[in-house]
$ cat work.pdb   # PDB, C-alpha atoms
ATOM      1  CA  MET A   7       0.000   0.000   0.000
ATOM      2  CA  LEU A   8       1.156   3.485  -0.750
ATOM      3  CA  PRO A   9      -0.026   6.410   1.350
ATOM      4  CA  ASP A  10      -2.480   8.830  -0.200
ATOM      5  CA  THR A  11      -0.586  12.067  -0.738
ATOM      6  CA  THR A  12      -0.759  15.156  -2.818
ATOM      7  CA  VAL A  13       1.219  18.380  -2.846
ATOM      8  CA  LEU A  14      -0.423  21.727  -2.231
ATOM      9  CA  PRO A  15       1.575  24.918  -2.789
ATOM     10  CA  GLY A  16       4.061  24.929   0.082
ATOM     11  CA  HIS A  17       2.542  21.878   1.824
ATOM     12  CA  LEU A  18       2.713  18.115   1.661
ATOM     13  CA  CYS A  19      -0.819  16.961   2.370
ATOM     14  CA  LEU A  20      -0.679  13.410   3.750
ATOM     15  CA  LEU A  21      -3.978  11.638   4.428
ATOM     16  CA  TRP A  22      -2.561   8.449   5.949
ATOM     17  CA  ASP A  23       0.696   6.582   6.404
ATOM     18  CA  TRP A  24       2.312   3.680   8.265
ATOM     19  CA  LEU A  25       5.225   4.117  10.661
ATOM     20  CA  ARG A  26       7.362   1.392  12.240
ATOM     21  CA  ARG A  27       8.570   2.119  15.755
ATOM     22  CA  LYS A  28      10.665  -0.033  18.076
ATOM     23  CA  ASN A  29       7.688  -1.439  20.014
ATOM     24  CA  PHE A  30       4.767  -0.973  17.649
ATOM     25  CA  ILE A  31       3.503  -0.268  14.147
ATOM     26  CA  ALA A  32       1.414   2.884  13.799
ATOM     27  CA  LEU A  33      -1.207   3.835  11.281
ATOM     28  CA  TYR A  34      -1.587   7.609  11.084
ATOM     29  CA  HIS A  35      -4.875   8.737   9.538
ATOM     30  CA  MET A  36      -5.640  12.442   9.491
ATOM     31  CA  GLY A  37      -9.314  11.805   8.749
ATOM     32  CA  ILE A  38      -9.708  10.201  12.177
ATOM     33  CA  TYR A  39      -8.159  13.326  13.695
ATOM     34  CA  SER A  40     -10.167  15.862  11.699
ATOM     35  CA  LYS A  41     -13.616  14.265  11.401
ATOM     36  CA  PRO A  42     -15.266  13.226  14.696
ATOM     37  CA  GLU A  43     -17.837  11.080  12.882
ATOM     38  CA  LEU A  44     -15.045   9.076  11.244
ATOM     39  CA  LEU A  45     -13.373   8.594  14.620
ATOM     40  CA  GLU A  46     -16.666   7.418  16.137
ATOM     41  CA  TRP A  47     -17.172   4.977  13.269
ATOM     42  CA  PHE A  48     -13.646   3.580  13.614
ATOM     43  CA  VAL A  49     -13.860   3.156  17.404
ATOM     44  CA  SER A  50     -17.222   1.383  17.134
ATOM     45  CA  GLU A  51     -16.071  -0.913  14.305
ATOM     46  CA  PHE A  52     -12.681  -1.858  15.753
ATOM     47  CA  PRO A  53     -13.952  -4.536  18.199
ATOM     48  CA  LYS A  54     -15.714  -6.302  15.314
ATOM     49  CA  TYR A  55     -12.358  -6.819  13.571
ATOM     50  CA  SER A  56      -9.922  -7.278  16.453
ATOM     51  CA  LYS A  57      -9.792  -9.083  19.780
ATOM     52  CA  ARG A  58      -7.194  -6.609  21.040
ATOM     53  CA  LYS A  59      -7.927  -3.430  22.942
ATOM     54  CA  LEU A  60      -7.844  -0.332  20.736
ATOM     55  CA  ASP A  61      -4.593   1.569  21.351
ATOM     56  CA  MET A  62      -4.700   4.970  19.728
ATOM     57  CA  GLY A  63      -3.726   8.611  19.986
ATOM     58  CA  LYS A  64      -5.322  11.589  18.245
ATOM     59  CA  SER A  65      -4.484  10.443  14.728
ATOM     60  CA  CYS A  66      -2.607   7.184  15.206
ATOM     61  CA  VAL A  67      -3.625   3.605  15.845
ATOM     62  CA  ARG A  68      -0.881   1.446  17.358
ATOM     63  CA  PHE A  69      -0.421  -2.289  16.848
ATOM     64  CA  LYS A  70       2.089  -4.442  18.754
ATOM     65  CA  LYS A  71       2.348  -7.152  16.091
ATOM     66  CA  ILE A  72       1.828  -7.071  12.356
ATOM     67  CA  ASP A  73      -0.611  -9.991  12.468
ATOM     68  CA  GLU A  74      -2.852  -7.972  14.841
ATOM     69  CA  ILE A  75      -3.585  -5.344  12.170
ATOM     70  CA  PRO A  76      -7.223  -5.654  11.035
ATOM     71  CA  LEU A  77      -6.564  -5.146   7.337
ATOM     72  CA  GLU A  78     -10.246  -5.422   6.381
ATOM     73  CA  LEU A  79     -11.068  -2.545   8.746
ATOM     74  CA  ILE A  80      -8.155  -0.471   7.420
ATOM     75  CA  ALA A  81      -9.438  -1.093   3.885
ATOM     76  CA  GLU A  82     -12.882   0.177   4.925
ATOM     77  CA  LEU A  83     -11.289   3.206   6.604
ATOM     78  CA  SER A  84      -9.376   4.037   3.428
ATOM     79  CA  LYS A  85     -12.687   4.219   1.536
ATOM     80  CA  LYS A  86     -14.285   6.625   4.026
ATOM     81  CA  MET A  87     -12.296   9.714   3.006
ATOM     82  CA  THR A  88     -10.756  10.552  -0.343
ATOM     83  CA  VAL A  89      -7.650  12.656  -0.803
ATOM     84  CA  ASP A  90      -9.836  15.417  -2.264
ATOM     85  CA  GLU A  91     -12.078  15.371   0.826
ATOM     86  CA  TRP A  92      -8.991  15.578   3.033
ATOM     87  CA  ILE A  93      -7.607  18.530   1.038
ATOM     88  CA  GLU A  94     -10.936  20.332   1.378
ATOM     89  CA  CYS A  95     -10.927  19.730   5.152
ATOM     90  CA  TYR A  96      -7.245  20.728   5.393
ATOM     91  CA  GLU A  97      -7.713  23.971   3.467
ATOM     92  CA  LYS A  98     -10.857  24.859   5.398
ATOM     93  CA  ASN A  99      -9.012  24.544   8.704
ATOM     94  CA  LEU A 100      -5.826  26.166   7.365
ATOM     95  CA  LYS A 101      -7.620  29.417   6.591
ATOM     96  CA  ARG A 102      -8.719  29.954  10.193
TER      97      ARG A 102
END
$ encode --input "work.pdb" --output "structure tokens"
Amino acid sequence: MLPDTTVLPGHLCLLWDWLRRKNFIALYHMGIYSKPELLEWFVSEFPKYSKRKLDMGKSCVRFKKIDEIPLELIAELSKKMTVDEWIECYEKNLKR
């Protein structure tokens, strides 16, 4: 998977990305951070796809092991917000 990105004048606009840390793998998704309804959806759906407790920050979801990543849920999440929708949200909040 490649992260959804686009370049705005003077900005790299990243919708989501994976990051490997020493003790976990993190999925960063800016839609979860910027849209409360998307966060609510993700939190409510997570237990249906994973037996693990949800470990997350404002925009990241942490997984201890690669085989614990609910790929079907991540696929659904990736369909919930397009790059264009993220850019619109980003620009709307940037102008404040």
$ atom_distance --input "work.pdb" --atom1 "atom CA of A:Leu100" --atom2 "atom CA of A:Ala32"
25.2 Å
$ resolve_selection --input "work.pdb" --expression "the PyMOL selection byres ((chain A and resi 67-80) around 12)" --output "NGL selection string"
:A and (7 or 22-36 or 38-39 or 45 or 47-66 or 81-87)
$ atom_distance --input "work.pdb" --atom1 "atom CA of A:Ser40" --atom2 "atom CA of A:Cys95"
7.6 Å
